[in-house]
Each structure stands twice: as C-alpha cells, then as structure tokens.
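Participant: Contents of start35.cif (mmCIF, C-alpha atoms):
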data_final
#
loop_
_atom_site.label_atom_id
_atom_site.label_comp_id
_atom_site.auth_asym_id
_atom_site.auth_seq_id
_atom_site.Cartn_x
_atom_site.Cartn_y
_atom_site.Cartn_z
CA MET A 288 -3.06 -5.29 15.90
CA PRO A 289 -0.25 -7.08 14.01
CA THR A 290 2.02 -4.87 11.97
CA SER A 291 1.90 -6.80 8.71
CA LEU A 292 -0.35 -8.99 6.59
CA ILE A 293 1.43 -12.10 5.33
CA LEU A 294 0.35 -14.60 2.69
CA ALA A 295 1.97 -17.93 3.53
CA SER A 296 2.06 -19.03 -0.10
CA THR A 297 4.24 -18.76 -3.18
CA SER A 298 1.23 -19.20 -5.49
CA VAL A 299 1.00 -16.39 -8.03
CA TYR A 300 -2.74 -17.12 -8.28
CA ARG A 301 -3.30 -16.57 -4.55
CA GLN A 302 -1.13 -13.44 -4.63
CA SER A 303 -3.18 -12.05 -7.50
CA LEU A 304 -6.43 -12.75 -5.65
CA LEU A 305 -5.20 -11.13 -2.43
CA GLN A 306 -4.21 -8.02 -4.38
CA LYS A 307 -7.91 -7.53 -5.18
CA LEU A 308 -8.49 -6.49 -1.54
CA GLY A 309 -6.08 -3.56 -1.89
CA LEU A 310 -4.16 -4.29 1.30
CA PRO A 311 -0.36 -4.26 1.46
CA PHE A 312 1.03 -7.73 2.14
CA GLU A 313 4.18 -9.79 1.98
CA CYS A 314 4.60 -13.44 1.00
CA CYS A 315 6.56 -16.28 2.49
CA ASN A 316 7.09 -19.94 1.67
CA PRO A 317 5.56 -21.97 4.52
CA ASP A 318 7.63 -25.09 3.65
CA ILE A 319 5.53 -27.73 5.41
CA ASP A 320 4.96 -31.43 4.81
CA GLU A 321 1.72 -31.60 2.80
CA THR A 322 1.36 -35.38 2.90
CA ALA A 323 -2.15 -36.55 3.74
CA HIS A 324 -2.60 -38.72 6.81
CA ILE A 325 -4.01 -42.21 6.37
CA ASP A 326 -7.82 -42.04 6.00
CA GLU A 327 -7.77 -38.22 6.29
CA SER A 328 -10.74 -36.62 4.56
CA ALA A 329 -10.27 -33.83 2.04
CA HIS A 330 -11.98 -31.43 4.46
CA ALA A 331 -9.69 -32.37 7.36
CA LEU A 332 -6.58 -32.29 5.16
CA VAL A 333 -7.06 -28.76 3.82
CA LEU A 334 -8.04 -27.43 7.24
CA ARG A 335 -4.93 -28.94 8.84
CA LEU A 336 -2.61 -27.72 6.07
CA ALA A 337 -4.04 -24.19 5.99
CA LYS A 338 -3.44 -23.88 9.74
CA ALA A 339 0.04 -25.38 9.47
CA LYS A 340 0.99 -22.95 6.69
CA ALA A 341 -0.23 -19.97 8.72
CA VAL A 342 1.70 -21.10 11.81
CA ALA A 343 4.81 -21.77 9.71
CA GLY A 344 4.61 -18.21 8.40
CA ALA A 345 4.85 -16.94 11.98
CA GLU A 346 8.42 -18.26 12.17
CA GLN A 347 9.43 -15.60 9.64
CA PHE A 348 6.90 -12.96 10.73
CA PRO A 349 6.33 -13.25 14.51
CA ASP A 350 4.24 -10.05 14.59
CA GLY A 351 2.19 -10.81 11.49
CA LEU A 352 -1.38 -11.58 10.62
CA ILE A 353 -0.78 -14.65 8.51
CA ILE A 354 -3.00 -16.19 5.85
CA GLY A 355 -2.65 -19.91 5.14
CA SER A 356 -4.59 -21.67 2.42
CA ASP A 357 -4.66 -25.13 0.90
CA GLN A 358 -6.86 -26.76 -1.71
CA VAL A 359 -7.66 -30.22 -2.98
CA ALA A 360 -10.06 -31.47 -5.63
CA VAL A 361 -12.30 -34.50 -5.16
CA ILE A 362 -13.98 -36.58 -7.86
CA ASP A 363 -15.81 -39.85 -7.29
CA GLY A 364 -14.83 -39.64 -3.62
CA LYS A 365 -11.09 -39.51 -4.33
CA ILE A 366 -8.63 -36.65 -4.02
CA ILE A 367 -6.99 -35.74 -7.31
CA GLY A 368 -3.90 -33.61 -7.63
CA LYS A 369 -2.09 -31.69 -10.31
CA PRO A 370 -1.61 -33.77 -13.46
CA HIS A 371 2.00 -32.62 -14.17
CA HIS A 372 1.91 -33.96 -17.74
CA PHE A 373 -0.34 -34.44 -20.76
CA ASP A 374 -1.43 -38.06 -20.23
CA ASN A 375 -2.54 -37.44 -16.63
CA ALA A 376 -4.43 -34.30 -17.70
CA VAL A 377 -6.29 -36.31 -20.36
CA ALA A 378 -7.13 -38.97 -17.77
CA GLN A 379 -8.41 -36.41 -15.25
CA LEU A 380 -10.61 -34.58 -17.75
CA THR A 381 -11.90 -37.86 -19.18
CA GLN A 382 -12.88 -38.92 -15.66
CA ALA A 383 -14.51 -35.52 -15.01
CA SER A 384 -16.54 -35.47 -18.23
CA GLY A 385 -20.24 -35.26 -17.36
CA LYS A 386 -19.49 -35.27 -13.62
CA ALA A 387 -18.76 -32.83 -10.82
CA ILE A 388 -15.50 -32.04 -9.05
CA THR A 389 -15.66 -30.45 -5.62
CA PHE A 390 -12.77 -28.28 -4.52
CA TYR A 391 -12.18 -27.92 -0.80
CA THR A 392 -10.20 -24.84 0.15
CA GLY A 393 -8.95 -24.50 3.70
CA LEU A 394 -8.39 -20.94 4.88
CA ALA A 395 -6.65 -19.96 8.11
CA LEU A 396 -5.91 -16.53 9.53
CA TYR A 397 -3.38 -16.62 12.36
CA ASN A 398 -2.55 -13.66 14.57
CA ALA A 399 1.04 -14.45 15.54
CA GLU A 400 0.99 -11.81 18.31
CA THR A 401 -2.05 -13.14 20.16
CA GLY A 402 -2.13 -16.75 18.99
CA ALA A 403 -5.71 -16.32 17.73
CA MET A 404 -6.54 -18.69 14.87
CA ALA A 405 -9.60 -18.63 12.64
CA ALA A 406 -9.92 -21.49 10.16
CA GLU A 407 -12.66 -22.81 7.90
CA VAL A 408 -13.15 -24.90 4.78
CA GLU A 409 -14.97 -23.46 1.79
CA PRO A 410 -16.29 -25.92 -0.83
CA PHE A 411 -16.82 -25.08 -4.50
CA THR A 412 -18.20 -27.49 -7.10
CA VAL A 413 -17.74 -27.42 -10.85
CA HIS A 414 -20.06 -29.43 -13.08
CA PHE A 415 -18.44 -30.61 -16.31
CA ARG A 416 -20.20 -30.88 -19.62
CA HIS A 417 -19.81 -34.14 -21.55
CA LEU A 418 -16.49 -33.76 -23.36
CA SER A 419 -15.22 -35.66 -26.38
CA HIS A 420 -11.65 -36.92 -26.47
CA ALA A 421 -10.90 -34.36 -29.20
CA GLN A 422 -12.24 -31.51 -27.02
CA ILE A 423 -10.16 -32.66 -24.07
CA VAL A 424 -6.98 -32.87 -26.14
CA ALA A 425 -7.63 -29.49 -27.79
CA TYR A 426 -8.20 -27.83 -24.42
CA ILE A 427 -5.05 -29.30 -22.86
CA GLU A 428 -2.92 -28.32 -25.85
CA LYS A 429 -4.22 -24.73 -25.67
CA GLU A 430 -3.92 -24.12 -21.92
CA GLU A 431 -1.42 -26.70 -20.66
CA PRO A 432 -3.07 -26.95 -17.21
CA TYR A 433 -0.41 -29.30 -15.85
CA TYR A 434 -0.01 -27.53 -12.51
CA CYS A 435 -3.71 -27.08 -11.77
CA ALA A 436 -5.67 -29.60 -9.71
CA GLY A 437 -8.38 -31.04 -11.94
CA SER A 438 -6.46 -30.16 -15.12
CA PHE A 439 -8.16 -26.85 -15.91
CA LYS A 440 -7.83 -23.10 -15.49
CA SER A 441 -11.26 -21.69 -14.69
CA GLU A 442 -9.97 -18.16 -15.14
CA GLY A 443 -9.19 -18.96 -18.79
CA LEU A 444 -10.59 -21.26 -21.47
CA GLY A 445 -11.36 -23.83 -18.79
CA ILE A 446 -14.67 -22.07 -18.19
CA ALA A 447 -15.86 -23.67 -21.46
CA LEU A 448 -15.57 -27.13 -19.86
CA PHE A 449 -18.40 -26.47 -17.38
CA THR A 450 -22.18 -26.46 -17.34
CA GLU A 451 -22.44 -24.94 -13.87
CA LEU A 452 -20.39 -23.48 -11.02
CA GLU A 453 -21.71 -23.95 -7.50
CA GLY A 454 -20.37 -22.07 -4.50
CA ARG A 455 -20.39 -18.91 -2.41
CA ASP A 456 -17.27 -17.27 -3.84
CA PRO A 457 -15.78 -17.93 -7.31
CA ASN A 458 -12.35 -16.89 -5.97
CA THR A 459 -12.42 -20.09 -3.92
CA LEU A 460 -11.99 -22.10 -7.11
CA VAL A 461 -8.71 -20.31 -7.86
CA GLY A 462 -7.46 -20.94 -4.31
CA LEU A 463 -8.32 -18.07 -1.95
CA PRO A 464 -11.90 -17.48 -0.71
CA LEU A 465 -11.94 -13.68 -0.49
CA ILE A 466 -15.41 -13.34 1.03
CA LEU A 467 -14.45 -15.60 3.92
CA LEU A 468 -11.04 -13.93 4.24
CA THR A 469 -12.68 -10.49 4.42
CA GLU A 470 -14.88 -11.76 7.28
CA MET A 471 -11.86 -13.18 9.12
CA LEU A 472 -9.85 -9.98 8.65
CA LEU A 473 -12.74 -7.90 9.98
CA ALA A 474 -12.85 -10.07 13.11
CA GLN A 475 -9.16 -9.17 13.61
CA GLY A 476 -9.85 -5.45 13.21
CA VAL A 477 -8.84 -5.16 9.55
CA ASP A 478 -11.58 -3.55 7.47
CA VAL A 479 -10.68 -3.73 3.78
CA LEU A 480 -13.22 -0.98 3.06
CA ALA A 481 -11.82 1.50 5.61
#
Please express what this file holds, its structure, as structure tokens.

Facilitator:
Amino acid sequence: MPTSLILASTSVYRQSLLQKLGLPFECCNPDIDETAHIDESAHALVLRLAKAKAVAGAEQFPDGLIIGSDQVAVIDGKIIGKPHHFDNAVAQLTQASGKAITFYTGLALYNAETGAMAAEVEPFTVHFRHLSHAQIVAYIEKEEPYYCAGSFKSEGLGIALFTELEGRDPNTLVGLPLILLTEMLLAQGVDVLA
C-alpha cells in the first residue's frame, strides 16, 4: 500500500472536505494545462483533468495514493467558469435564475506505486429560484463569490438561491465527492472507518 495520501489540489475547499474523513494527507499543486479541447464535453473534460492532476502529483510523490479532482458547471448546455468580478457574477446568476446548473466533478485516485487508476464523474444539479436583480446584487455584495463557478457559495448564503439540490453527495457541489472517494479508497485497501 502507498505510504501517503496526497491531494493534488491547492483548493482550501477540497482540503477542508478531505479533512472530514480523518485521514492524514499532504497537498501538492498539480500544475497542469486545464484548457478544454475543441468539442470536449464537460464530462470528458473533468475526467481527463482529474486523471492528469493525479498523475502530476506522482511526480512529487512517487509512492503516494493521489487524489485528483476537477469541476465545471454547465448551464444551457455551456460550460461556465468563475466570474472573477461583479458584472460577470451578476450575468451568471441572472442566467441561472429559474433554471438548473449541473456541476460535473471528476474524481481520480491514482496509486503511483502500482499504476492503478480509478476515475469517475459525479454530477450534481442545483435548481435556482426565480431571482430579482436586487436579490442577485444583494447576494453578490454579501458573499463576493468571484472565485466560485456559478457565482455562489452553497456552503454559505448561496443556499438561499436554490429551490432544490439533486445529487448523491452534497460534498460534490463543493468540489470533492466524499462518498465516491471513500469507495475508491476502500478498493485500494484504505478503510476510513478502520
């Protein structure tokens, strides 16, 4: 069994989620090109990037069990990213009002010692209530979700934007599907309950 569990991510949100499992782990920056290929679906993109991040982590931790994860949001059939500033956040939430956004989270677990790779995509859909312009502006001013795909923080006030959450694991929405990860770890001989 590999000697260390590695999260190939610098995301504080993913680190916080992984801490819930109570396992010791280290983090690394996978430093990969995250550009989508022409005509690449959201599903294919996050699966490819999660695997690439896990493999990139093996360069720093050749004896590690490495977790790679990537997430994109899709609305009206198009991938949307992080808004980065106020006007884009308003535009994203205006577009989402009364609609659904599906988040696709790719998860890969790579055993650098054996070369074994497990990888899957976990979807999670959020259904937005109809929002007024004033509600959108007030929300953005309160939470400043400029570095969150879809322009919201579901773990905070963003929960008030929704009518329904649809998916197997709410952790998926924040960026790390812990139910799926627990299954993958168990297949590699790591029982989080032991």

Participant: Show which residues sit within 7 Å of Ser384 (chain A), as a ChimeraX atom specification. Count only C-alpha atoms, and ignore same-chain residues fewer than 5 positions away.

Facilitator: /A:415-418

Participant: Could you make a table, as CSV, of the residues of region 355-395 of chain A that have an atom within 12 Å of an atom of region 343-347 of chain A, each with its nearest atom pair and distance in Å to one decimal, counting all atoms listed in the file, in chain and number order?

Facilitator:
residue,atom,partner,partner_atom,distance
A:Gly355,CA,A:Gly344,CA,8.1
A:Ser356,CA,A:Gly344,CA,11.5
A:Ala395,CA,A:Gly344,CA,11.4

Participant: Determine the residue membership of the PyMOL selection byres ((chain A and resi 464-467) around 12) for the file above and supply it as a ChimeraX atom specification.

Facilitator: /A:300-309,354-358,390-396,405-411,454-463,468-474,479

Participant: Excluding Ile319 (chain A) and any residue of its chain fewer than 2 positions from it, enumerate the residues within 10 Å of it, using only C-alpha atoms, and give them as a PyMOL selection string.

Facilitator: chain A and resi 316-317+321-322+336+339-340+342-343

Participant: A:Ala376, A:Cys315, A:Ile388, A:Thr450: which is nearest Val424 (chain A), counting all atoms listed in the file?

Facilitator: A:Ala376

Participant: Closest to Gly385 (chain A) among A:Ile427, A:Ala337, A:Glu451, A:Glu313, using only C-alpha atoms?

Facilitator: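 Looking only at the distances to Gly385 (chain A), the closest residue turns out to be A:Glu451.
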
Participant: Selection in question (the file shown): the PyMOL selection byres ((chain A and resi 435) around 10). Which residues does it include, as a list in words?

Facilitator: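 Here the PyMOL selection byres ((chain A and resi 435) around 10) matches Ala360, Gly368, Lys369, Pro370, His371, Ala376, Glu431, Pro432, Tyr433, Tyr434, Ala436, Gly437, Ser438, Phe439, Lys440, Ser441 and Val461 of chain A.
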
Participant: Would you work out the distance separating CA of Thr412 (chain A) from CA of Ala323 (chain A), expressed in Å to one decimal?

Facilitator: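 CA of Thr412 (chain A) sits 21.4 Å away from CA of Ala323 (chain A).
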
Participant: Which is closer to Glu430 (chain A) than all the others in A:Ala383, A:Phe373, A:Cys314, A:Leu480, using all atoms listed in the file?

Facilitator: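 Distance minimum relative to Glu430 (chain A) lands on A:Phe373.
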
Participant: Measuring between all atoms listed in the file, which one of A:Ala481, A:Leu352, A:Ala399, A:Ile366 shows the shortest distance to Glu327 (chain A)?

Facilitator: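 Nearest to Glu327 (chain A): A:Ile366.
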
Participant: Take CA of Asn398 (chain A) and CA of Val359 (chain A) and report the distance between them in Å, one decimal.

Facilitator: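 Interatomic distance, CA of Asn398 (chain A) to CA of Val359 (chain A): 24.7 Å.
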
Participant: Would you fill out region 344-371 of chain A with N, CA and C atoms and return it as an mmCIF file, in the coordinates of the input?

Facilitator:
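Final file, selection-v1.cif:
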data_model
loop_
_atom_site.group_PDB
_atom_site.id
_atom_site.type_symbol
_atom_site.label_atom_id
_atom_site.label_comp_id
_atom_site.auth_asym_id
_atom_site.auth_seq_id
_atom_site.Cartn_x
_atom_site.Cartn_y
_atom_site.Cartn_z
ATOM 1 N N GLY A 344 4.304 -19.585 8.784
ATOM 2 C CA GLY A 344 4.610 -18.210 8.400
ATOM 3 C C GLY A 344 5.015 -17.349 9.579
ATOM 4 N N ALA A 345 4.524 -17.699 10.769
ATOM 5 C CA ALA A 345 4.850 -16.940 11.980
ATOM 6 C C ALA A 345 6.324 -17.063 12.350
ATOM 7 N N GLU A 346 6.982 -18.117 11.896
ATOM 8 C CA GLU A 346 8.420 -18.260 12.170
ATOM 9 C C GLU A 346 9.200 -17.124 11.521
ATOM 10 N N GLN A 347 8.769 -16.702 10.340
ATOM 11 C CA GLN A 347 9.430 -15.600 9.640
ATOM 12 C C GLN A 347 8.859 -14.242 10.017
ATOM 13 N N PHE A 348 7.583 -14.223 10.426
ATOM 14 C CA PHE A 348 6.900 -12.960 10.730
ATOM 15 C C PHE A 348 6.176 -13.094 12.078
ATOM 16 N N PRO A 349 6.920 -13.012 13.194
ATOM 17 C CA PRO A 349 6.330 -13.250 14.510
ATOM 18 C C PRO A 349 5.316 -12.188 14.959
ATOM 19 N N ASP A 350 5.228 -11.072 14.243
ATOM 20 C CA ASP A 350 4.240 -10.050 14.590
ATOM 21 C C ASP A 350 3.186 -9.905 13.498
ATOM 22 N N GLY A 351 3.066 -10.909 12.650
ATOM 23 C CA GLY A 351 2.190 -10.810 11.490
ATOM 24 C C GLY A 351 0.801 -11.373 11.683
ATOM 25 N N LEU A 352 -0.061 -10.987 10.789
ATOM 26 C CA LEU A 352 -1.380 -11.580 10.620
ATOM 27 C C LEU A 352 -1.246 -12.438 9.374
ATOM 28 N N ILE A 353 -1.247 -13.746 9.563
ATOM 29 C CA ILE A 353 -0.780 -14.650 8.510
ATOM 30 C C ILE A 353 -1.929 -15.471 7.930
ATOM 31 N N ILE A 354 -1.978 -15.465 6.597
ATOM 32 C CA ILE A 354 -3.000 -16.190 5.850
ATOM 33 C C ILE A 354 -2.392 -17.500 5.339
ATOM 34 N N GLY A 355 -3.028 -18.604 5.683
ATOM 35 C CA GLY A 355 -2.650 -19.910 5.140
ATOM 36 C C GLY A 355 -3.819 -20.464 4.352
ATOM 37 N N SER A 356 -3.531 -21.109 3.244
ATOM 38 C CA SER A 356 -4.590 -21.670 2.420
ATOM 39 C C SER A 356 -4.103 -22.948 1.755
ATOM 40 N N ASP A 357 -5.005 -23.896 1.608
ATOM 41 C CA ASP A 357 -4.660 -25.130 0.900
ATOM 42 C C ASP A 357 -5.919 -25.624 0.200
ATOM 43 N N GLN A 358 -5.720 -26.310 -0.913
ATOM 44 C CA GLN A 358 -6.860 -26.760 -1.710
ATOM 45 C C GLN A 358 -6.618 -28.147 -2.274
ATOM 46 N N VAL A 359 -7.676 -28.945 -2.270
ATOM 47 C CA VAL A 359 -7.660 -30.220 -2.980
ATOM 48 C C VAL A 359 -8.946 -30.345 -3.780
ATOM 49 N N ALA A 360 -8.895 -31.180 -4.791
ATOM 50 C CA ALA A 360 -10.060 -31.470 -5.630
ATOM 51 C C ALA A 360 -10.469 -32.916 -5.398
ATOM 52 N N VAL A 361 -11.774 -33.157 -5.403
ATOM 53 C CA VAL A 361 -12.300 -34.500 -5.160
ATOM 54 C C VAL A 361 -13.277 -34.865 -6.277
ATOM 55 N N ILE A 362 -13.048 -36.033 -6.874
ATOM 56 C CA ILE A 362 -13.980 -36.580 -7.860
ATOM 57 C C ILE A 362 -14.201 -38.056 -7.539
ATOM 58 N N ASP A 363 -15.441 -38.468 -7.618
ATOM 59 C CA ASP A 363 -15.810 -39.850 -7.290
ATOM 60 C C ASP A 363 -15.270 -40.277 -5.930
ATOM 61 N N GLY A 364 -15.265 -39.335 -4.978
ATOM 62 C CA GLY A 364 -14.830 -39.640 -3.620
ATOM 63 C C GLY A 364 -13.330 -39.713 -3.415
ATOM 64 N N LYS A 365 -12.545 -39.418 -4.443
ATOM 65 C CA LYS A 365 -11.090 -39.510 -4.330
ATOM 66 C C LYS A 365 -10.434 -38.168 -4.600
ATOM 67 N N ILE A 366 -9.397 -37.880 -3.827
ATOM 68 C CA ILE A 366 -8.630 -36.650 -4.020
ATOM 69 C C ILE A 366 -7.787 -36.790 -5.274
ATOM 70 N N ILE A 367 -7.854 -35.762 -6.123
ATOM 71 C CA ILE A 367 -6.990 -35.740 -7.310
ATOM 72 C C ILE A 367 -6.060 -34.536 -7.194
ATOM 73 N N GLY A 368 -4.892 -34.674 -7.718
ATOM 74 C CA GLY A 368 -3.900 -33.610 -7.630
ATOM 75 C C GLY A 368 -3.657 -32.945 -8.971
ATOM 76 N N LYS A 369 -2.510 -32.324 -9.066
ATOM 77 C CA LYS A 369 -2.090 -31.690 -10.310
ATOM 78 C C LYS A 369 -1.613 -32.782 -11.265
ATOM 79 N N PRO A 370 -1.945 -32.686 -12.535
ATOM 80 C CA PRO A 370 -1.610 -33.770 -13.460
ATOM 81 C C PRO A 370 -0.123 -33.846 -13.824
ATOM 82 N N HIS A 371 0.567 -32.730 -13.853
ATOM 83 C CA HIS A 371 2.000 -32.620 -14.170
ATOM 84 C C HIS A 371 2.369 -32.923 -15.611
#
